[in-house]
Amino acid sequence: MTAPQRAARWGRRLAALTWKEVLQLSRDLPLLLFLLYSFSLSVLVSGAGITMQLHNAELLVHDADHSRSSRELIHRFQPPYFTLKGEIADARQGLRELDEGRAMMLLDIPPRFHEALMGGEGTAVQVLVDTTNAPQGLSAAGYTVRIAGAFGTDMGLASVGLSGTKATVPVIESAHRVWFNPNQDETWYQSISHVLRMITLFGVLLPASALVREKERGTVEQLLVSPVTPFQIMWSKVLAMSAVILIVTGLAVYGVLRPVFHVPMKGSALLYFLLTALHTFTTAGLGLVAATLARNQAQVGMMALFFVGPMLLLSGITAPFESMPRWVQTIMTMSPLRYYIDITYGVMLKGAGMDVLWKSVGAMVLLGGGLFAFGMWRFRRQFE
Amino acid sequence: MNVRVIKAVAFKEWKETTRDRLFLLLAFLLPVLWLVVFGYGLNLDVEEIPFAVVDRDHSALSRDYLYRFMQSRYFSFRGYAEDERALDRLLTETKIRAAIVVPQRFEEQLAAGQPVTVQTLLDGTFPLHTDIAKGYVIAINQVFTEERLIDFLRQTRGLTEEQASRLVRPLKVEVRYLYNEEVRSTWSMVPALVMFTLMLASPLLTALGVVREKETGSIYNIYSSTVSRAEFLAGKLLPYIAISIVNICVLWVLAVGLFHVPFKGSFVFFFLASVVFILCTTGIGLLISLLVQTQMAALIITMVVAMIPTILFSGLLVPVSSLTRGAKVQAHLYPAMYYTTIVRGSFLKGVGAGVLWIDLLALVVFATAMGGMTYHLFTKRPKT
């Protein structure tokens with residue numbers, strides 16, 4: 001037999017094994033339906049469902065002054081950040097409302113507010129913020145301080161006749177230009193990050209579970225005495241599962257992200273899907289390493305959960321990567337998702353190409369290669 | 001229901017679990033390690049935003065102005081850029097998330113008492129972080145503006161420093177942070193993380209319980225035995241409930257002992273609610289186990305069902321009040337949200353059954369529904 005014939009036979013065997021995996025998955029109806037749901041309806045719900053920016057923080061007001069100034073200040077708390085929940089007669093009642101979670105903030109304006117402000121003697125307002133949810137509470141407090149500060153300066157300047165036209169005073173005006181998502185459309189971010197989570201979860205679990213299944217049932221012994229190599233056994237699973245994930249990712253991108261949320265695809269779609277394939281290979285590598293360490297599905301599930309959880313929360317989709325502690329950043333260099341985040345947002349929103357992404361891609365190739373090599377080594381050692 | 005039979009089934013399940021050393025180890029280790037890793041590692045605050053600067057003025061004042069950003073712990077200076085084209089490149093490469101462009105004649109105009117517009121470019125990929133970064137910029141600008149105004153008033157109106165500053169800053173804002181007085185992210189995070197770990201780890205314990213027996217065929221022993229449906233299900237759940245109860249206590253000790261989160265509520269109430277919550281989560285696993293045919297499907301579906309709604313809709317990262325209607329409905333159908341309220345309430349607010357009874361009731365209803373559904377779905381007379 002010549003070398004090309006041998007290669008063709010090798011390829012045919014790999015293809016046969018891969019096809020077997022696809023068939024097996026397609027006959028698992030609950031899993032298949034769930035896979036489709038995760039990449040379609042689920043993306044829709046979480047894409048449209050979350051607004052993380054401070055939104056409609058419920059504000060209660062206790063106004064002991066009822067003057068022009070106090071009304072003017074209250075008036076500056078506007079949607080979309082704040083909604084006025086109403087006025088209350090005494091501050092203790094407000095505290096009770098906060099206790100029961102019916103409002104997020106209480107603005108307490110003292111008596112003689114207007115007088116003190118105009119008379120130049122200075123005054124203070126008190127703000128009570130529910131910070132059970134620290135980031136939102138801080139954000140609300142930050143807005144309040146800014147609103148009140150600007151209001152105070154305006155009033156102060158007005159009292160010496162410098163009101164209205166600011167052209168006569170030295171102030172810094174902030175002009176912002178937001179790039180890549182000019183309207184700060186949160187559905188883009190939420191829907192994309194949901195797809196990222198799903199790809200990663202399925203990318204680890206599908207191949208890991210498929211390999212452990214053979215080990216648990218003992219069918220892997222049969223495969224190993226058949227004329228296929230351990231490499232073919234492992235690769236067939238990775239190929240099959242990556243293909244399936246690529247197809248459902250296509251569904252998510254062209255079925256939900258583009259038509260429903262109008263997420264742009266500024267870069268090359270081909271590049272995006274190629275790099276998605278690279279990501280699924282790398283996550284599959286993680287899954288396979290877990291699969292070689294586990295003896296049954298329960299073990300592999302626990303192990304996968306063990307590192308998938310931190311991957312999803314610490315790689316930079318849920319919280320900014322830059323502000324993570326150094327040791328987390330170091331550990332997360334092992335997370336393929338960390339690179340895939342830059343790749344996905346880079347290609348879709350920023351129109352980045354390989355000239356920009358080569359570093360992330362290189363890191364992922366190294367990581368994936370290393371994981372596969374380790375997995376293969378473990379797998380061979382177990383069966384030879 | 002015969003207690004002896006339940007005991008026998010539970011004992012068999014317990015033996016099976018304890019003999020799987022790796023699984024048992026992970027079942028106890030995972031919650032502990034997760035709480036430590038996330039408790040120390042998950043930082044939701046937006047800090048160290050990498051930024052670059054284009055300084056067209058090169059004056060003493062522009063340097064003083066930019067120095068405010070470089071000094072702030074919210075920003076991390078990454079260097080000067082030549083022009084906006086260079087900034088464009090840096091933003092696309094995700095080397096920076098923000099950029100500040102100081103215009104020409106910055107010092108001159110401010111000295112002449114004229115307003116100046118400072119342009120800020122922001123990366124909009126993560127709208128929440130963009131929003132927060134914008135807030136930081138505005139705050140720094142506001143402080144700088146106030147200082148300029150004080151100088152200006154002193155020079156043009158001949159006021160003293162004190163008079164001018166009272167004019168510019170007539171209004172003080174006293175912010176009081178409730179329930180989490182020091183607004184430490186860990187304080188609000190750790191109780192929610194207790195929920196997160198229990199929610200993710202416990203369904204996985206039960207998810208494979210029934211389906212494993214289906215796959216290996218040992219379920220036929222049950223079908224042909226005198227064990228009733230309820231006895232079988234109860235016996236299946238008991239060992240995993242026991243493991244989870246140990247985990248509740250360990251997590252509580254870690255939260256109070258290691259992270260020094262104050263526990264202001266009643267431990268009995270917290271413990272009781274936690275057990276009900278465990279019934280819900282292990283019930284979810286058992287239900288999935290009954291609905292699918294393969295361990296692979298059970299494993300993957302359980303992981304996704306436990307993880308995604310918990311990350312998105314439980315109040316862990318996003319308060320439920322900022323969800324839109326569809327997502328809010330989903331949040332209310334899922335036990336995690338109620339338990340988050342209970343944990344945060346018990347730890348930080350010190351409220352008890354008087355306020356939290358409704359959440360506990362929701363959990364009881366959910367647990368009962370799970371019980372009813374699993375009982376209804378499990379049949380000893382399978383069709384095929």
# chains A, B, ... in the order shown; residues from 1 in each chain; ligands from 1
$ select_by_dssp --residues "region 47-176 of chain A" --states "strand (DSSP E)" --output "JSON, numbers by chain"
{"A": [57, 58, 59, 60, 61, 62, 63, 82, 83, 84, 85, 86, 87, 105, 106, 107, 108, 109, 123, 124, 125, 126, 127, 128, 129, 130, 172, 173, 174, 175, 176]}
$ interface_residues --of "chain A" --to "chain B" --cutoff "6 Å" --atoms "only C-alpha atoms" --output "PyMOL selection string"
chain A and resi 31+49-53+122-132+134+152-153+156+167-181+184+186+209+299+319+323-324+350+356
$ select_by_dssp --residues "region 7-215 of chain A" --states "helix (DSSP H, G or I)" --output "PyMOL selection string"
chain A and resi 7-26+29-39+41-49+68-75+91-99+113-118+134-159+166-168+186-215
$ closest_residue --among "A:Ser38, A:Leu162, A:Ile88, A:Leu138" --to "Val256 (chain A)" --atoms "only C-alpha atoms"
A:Ser38
$ residues_around --residues "Ile199 (chain A)" --least-positions-apart "6" --cutoff "8 Å" --atoms "only C-alpha atoms" --output "compact mmCIF listing (two decimals) with N, CA and C atoms, in the first residue's frame"
# COMPACT_ATOMS: atom_id res chain seq x y z
N ILE A 245 -20.94 22.43 17.20
CA ILE A 245 -20.94 23.74 17.87
C ILE A 245 -20.84 24.87 16.84
N THR A 249 -23.50 27.79 16.46
CA THR A 249 -23.02 29.17 16.57
C THR A 249 -23.48 29.97 15.35
N THR A 280 -13.16 26.15 19.97
CA THR A 280 -13.80 24.89 20.37
C THR A 280 -12.75 23.78 20.45
$ atom_distance --atom1 "CA of Leu238 (chain B)" --atom2 "CA of Lys7 (chain B)"
8.9 Å
$ atom_distance --atom1 "CA of Ala89 (chain A)" --atom2 "CA of Asp108 (chain A)"
10.7 Å
$ residues_around --residues "Arg229 (chain B)" --least-positions-apart "2" --cutoff "7 Å" --atoms "only C-alpha atoms" --output "PDB file with N, CA and C atoms, in the first residue's frame"
ATOM      1  N   VAL B 227     -39.918  -1.754  46.162  1.00  0.00           N
ATOM      2  CA  VAL B 227     -39.678  -0.349  46.494  1.00  0.00           C
ATOM      3  C   VAL B 227     -40.674   0.526  45.739  1.00  0.00           C
ATOM      4  N   GLU B 231     -40.495   6.059  47.721  1.00  0.00           N
ATOM      5  CA  GLU B 231     -39.375   5.551  48.518  1.00  0.00           C
ATOM      6  C   GLU B 231     -38.074   5.615  47.730  1.00  0.00           C
ATOM      7  N   PHE B 232     -38.163   5.217  46.477  1.00  0.00           N
ATOM      8  CA  PHE B 232     -36.971   5.230  45.633  1.00  0.00           C
ATOM      9  C   PHE B 232     -36.425   6.651  45.477  1.00  0.00           C
ATOM     10  N   LEU B 233     -37.316   7.587  45.149  1.00  0.00           N
ATOM     11  CA  LEU B 233     -36.870   8.969  44.923  1.00  0.00           C
ATOM     12  C   LEU B 233     -36.309   9.577  46.206  1.00  0.00           C
ATOM     13  N   TYR B 375     -42.195  12.849  41.105  1.00  0.00           N
ATOM     14  CA  TYR B 375     -43.020  11.710  41.480  1.00  0.00           C
ATOM     15  C   TYR B 375     -43.913  11.309  40.306  1.00  0.00           C
ATOM     16  N   PHE B 378     -41.737   9.762  37.280  1.00  0.00           N
ATOM     17  CA  PHE B 378     -41.054   8.489  37.463  1.00  0.00           C
ATOM     18  C   PHE B 378     -42.076   7.365  37.439  1.00  0.00           C
TER      19      PHE B 378
END
$ residues_around --residues "Tyr81 (chain A)" --least-positions-apart "2" --cutoff "9 Å" --atoms "only C-alpha atoms" --output "ChimeraX atom specification"
/A:53-58,77-79,83,140,143
$ write_last_selection --atoms "N, CA and C atoms" --output "short mmCIF file (atom, residue, chain, number, x, y, z; two decimals), in the first residue's frame"
data_model
loop_
_atom_site.label_atom_id
_atom_site.label_comp_id
_atom_site.auth_asym_id
_atom_site.auth_seq_id
_atom_site.Cartn_x
_atom_site.Cartn_y
_atom_site.Cartn_z
N GLN A 53 -26.38 48.72 33.16
CA GLN A 53 -26.13 50.12 33.48
C GLN A 53 -27.21 50.55 34.46
N LEU A 54 -26.83 51.47 35.32
CA LEU A 54 -27.78 51.91 36.34
C LEU A 54 -29.05 52.34 35.62
N HIS A 55 -30.15 51.73 36.02
CA HIS A 55 -31.35 51.85 35.23
C HIS A 55 -32.52 51.90 36.19
N ASN A 56 -33.25 52.99 36.14
CA ASN A 56 -34.46 53.09 36.94
C ASN A 56 -34.23 52.82 38.42
N ALA A 57 -33.16 53.36 38.98
CA ALA A 57 -32.97 53.22 40.42
C ALA A 57 -34.11 53.97 41.11
N GLU A 58 -34.81 53.27 41.99
CA GLU A 58 -36.00 53.88 42.59
C GLU A 58 -35.60 54.87 43.68
N PHE A 77 -32.92 64.56 38.86
CA PHE A 77 -32.81 63.09 38.88
C PHE A 77 -33.77 62.53 37.85
N GLN A 78 -33.21 62.10 36.75
CA GLN A 78 -34.06 61.78 35.60
C GLN A 78 -33.87 60.34 35.14
N PRO A 79 -34.89 59.76 34.49
CA PRO A 79 -34.67 58.50 33.78
C PRO A 79 -33.61 58.72 32.69
N THR A 83 -35.77 56.68 38.74
CA THR A 83 -37.20 56.96 38.65
C THR A 83 -37.63 57.45 40.01
N ALA A 140 -25.07 54.52 41.76
CA ALA A 140 -26.15 55.46 42.08
C ALA A 140 -25.63 56.61 42.93
N TYR A 143 -23.61 59.04 40.74
CA TYR A 143 -24.46 59.93 39.96
C TYR A 143 -25.03 61.04 40.84
#
$ residues_around --residues "Gly250 (chain A)" --least-positions-apart "5" --cutoff "12 Å" --atoms "only C-alpha atoms" --output "PDB file with N, CA and C atoms, in the first residue's frame"
ATOM      1  N   LEU A  36     -30.194  23.255  20.699  1.00  0.00           N
ATOM      2  CA  LEU A  36     -30.806  24.253  19.825  1.00  0.00           C
ATOM      3  C   LEU A  36     -31.377  25.403  20.647  1.00  0.00           C
ATOM      4  N   PHE A  39     -28.808  27.960  21.914  1.00  0.00           N
ATOM      5  CA  PHE A  39     -28.196  28.875  20.952  1.00  0.00           C
ATOM      6  C   PHE A  39     -29.221  29.730  20.216  1.00  0.00           C
ATOM      7  N   SER A  40     -30.506  29.606  20.583  1.00  0.00           N
ATOM      8  CA  SER A  40     -31.490  30.443  19.896  1.00  0.00           C
ATOM      9  C   SER A  40     -32.331  31.219  20.912  1.00  0.00           C
ATOM     10  N   VAL A 195     -23.608  33.977  23.934  1.00  0.00           N
ATOM     11  CA  VAL A 195     -23.116  32.991  22.967  1.00  0.00           C
ATOM     12  C   VAL A 195     -21.732  32.497  23.377  1.00  0.00           C
ATOM     13  N   ILE A 199     -20.906  28.567  23.957  1.00  0.00           N
ATOM     14  CA  ILE A 199     -19.876  27.876  23.172  1.00  0.00           C
ATOM     15  C   ILE A 199     -18.877  27.229  24.123  1.00  0.00           C
ATOM     16  N   ALA A 243     -17.793  20.586  14.989  1.00  0.00           N
ATOM     17  CA  ALA A 243     -18.659  20.853  13.843  1.00  0.00           C
ATOM     18  C   ALA A 243     -20.058  21.211  14.322  1.00  0.00           C
ATOM     19  N   VAL A 244     -20.561  20.440  15.284  1.00  0.00           N
ATOM     20  CA  VAL A 244     -21.903  20.714  15.794  1.00  0.00           C
ATOM     21  C   VAL A 244     -21.958  22.108  16.417  1.00  0.00           C
ATOM     22  N   ILE A 245     -20.939  22.434  17.202  1.00  0.00           N
ATOM     23  CA  ILE A 245     -20.941  23.742  17.868  1.00  0.00           C
ATOM     24  C   ILE A 245     -20.845  24.869  16.842  1.00  0.00           C
ATOM     25  N   GLY A 255     -29.207  33.752  13.126  1.00  0.00           N
ATOM     26  CA  GLY A 255     -30.615  33.615  13.470  1.00  0.00           C
ATOM     27  C   GLY A 255     -31.060  34.592  14.550  1.00  0.00           C
ATOM     28  N   VAL A 256     -30.114  35.010  15.398  1.00  0.00           N
ATOM     29  CA  VAL A 256     -30.514  35.887  16.500  1.00  0.00           C
ATOM     30  C   VAL A 256     -29.703  37.188  16.512  1.00  0.00           C
ATOM     31  N   LEU A 257     -28.383  37.067  16.616  1.00  0.00           N
ATOM     32  CA  LEU A 257     -27.564  38.277  16.807  1.00  0.00           C
ATOM     33  C   LEU A 257     -27.760  39.293  15.682  1.00  0.00           C
ATOM     34  N   ARG A 258     -27.630  38.833  14.440  1.00  0.00           N
ATOM     35  CA  ARG A 258     -27.713  39.787  13.326  1.00  0.00           C
ATOM     36  C   ARG A 258     -29.149  40.274  13.106  1.00  0.00           C
ATOM     37  N   ALA A 269     -16.407  37.440   8.506  1.00  0.00           N
ATOM     38  CA  ALA A 269     -17.184  36.362   9.132  1.00  0.00           C
ATOM     39  C   ALA A 269     -16.419  35.048   9.055  1.00  0.00           C
ATOM     40  N   LEU A 270     -15.725  34.856   7.941  1.00  0.00           N
ATOM     41  CA  LEU A 270     -14.942  33.623   7.780  1.00  0.00           C
ATOM     42  C   LEU A 270     -13.894  33.520   8.888  1.00  0.00           C
ATOM     43  N   TYR A 272     -14.017  34.918  11.754  1.00  0.00           N
ATOM     44  CA  TYR A 272     -14.688  34.680  13.029  1.00  0.00           C
ATOM     45  C   TYR A 272     -14.968  33.194  13.224  1.00  0.00           C
ATOM     46  N   PHE A 273     -15.487  32.544  12.193  1.00  0.00           N
ATOM     47  CA  PHE A 273     -15.832  31.135  12.365  1.00  0.00           C
ATOM     48  C   PHE A 273     -14.587  30.254  12.443  1.00  0.00           C
ATOM     49  N   LEU A 274     -13.543  30.625  11.718  1.00  0.00           N
ATOM     50  CA  LEU A 274     -12.283  29.880  11.835  1.00  0.00           C
ATOM     51  C   LEU A 274     -11.754  29.945  13.264  1.00  0.00           C
ATOM     52  N   THR A 276     -13.503  30.639  15.902  1.00  0.00           N
ATOM     53  CA  THR A 276     -14.428  29.920  16.781  1.00  0.00           C
ATOM     54  C   THR A 276     -14.077  28.436  16.782  1.00  0.00           C
ATOM     55  N   ALA A 277     -13.737  27.916  15.598  1.00  0.00           N
ATOM     56  CA  ALA A 277     -13.309  26.521  15.523  1.00  0.00           C
ATOM     57  C   ALA A 277     -12.067  26.314  16.387  1.00  0.00           C
TER      58      ALA A 277
END
$ residues_around --residues "region 358-361 of chain A" --least-positions-apart "2" --cutoff "8 Å" --atoms "only C-alpha atoms" --output "PyMOL selection string"
chain A and resi 275+339-340+342-343+354-356+363-365
$ atom_distance --atom1 "CA of Pro207 (chain A)" --atom2 "CA of Val238 (chain A)"
5.9 Å
$ closest_residue --among "A:Trp235, A:Trp327, A:Tyr254, A:Phe306" --to "Gly375 (chain A)" --atoms "only C-alpha atoms"
A:Trp235
$ closest_residue --among "A:Thr318, A:Gly203, A:Val328, A:Gln382" --to "Val248 (chain A)" --atoms "only C-alpha atoms"
A:Gly203
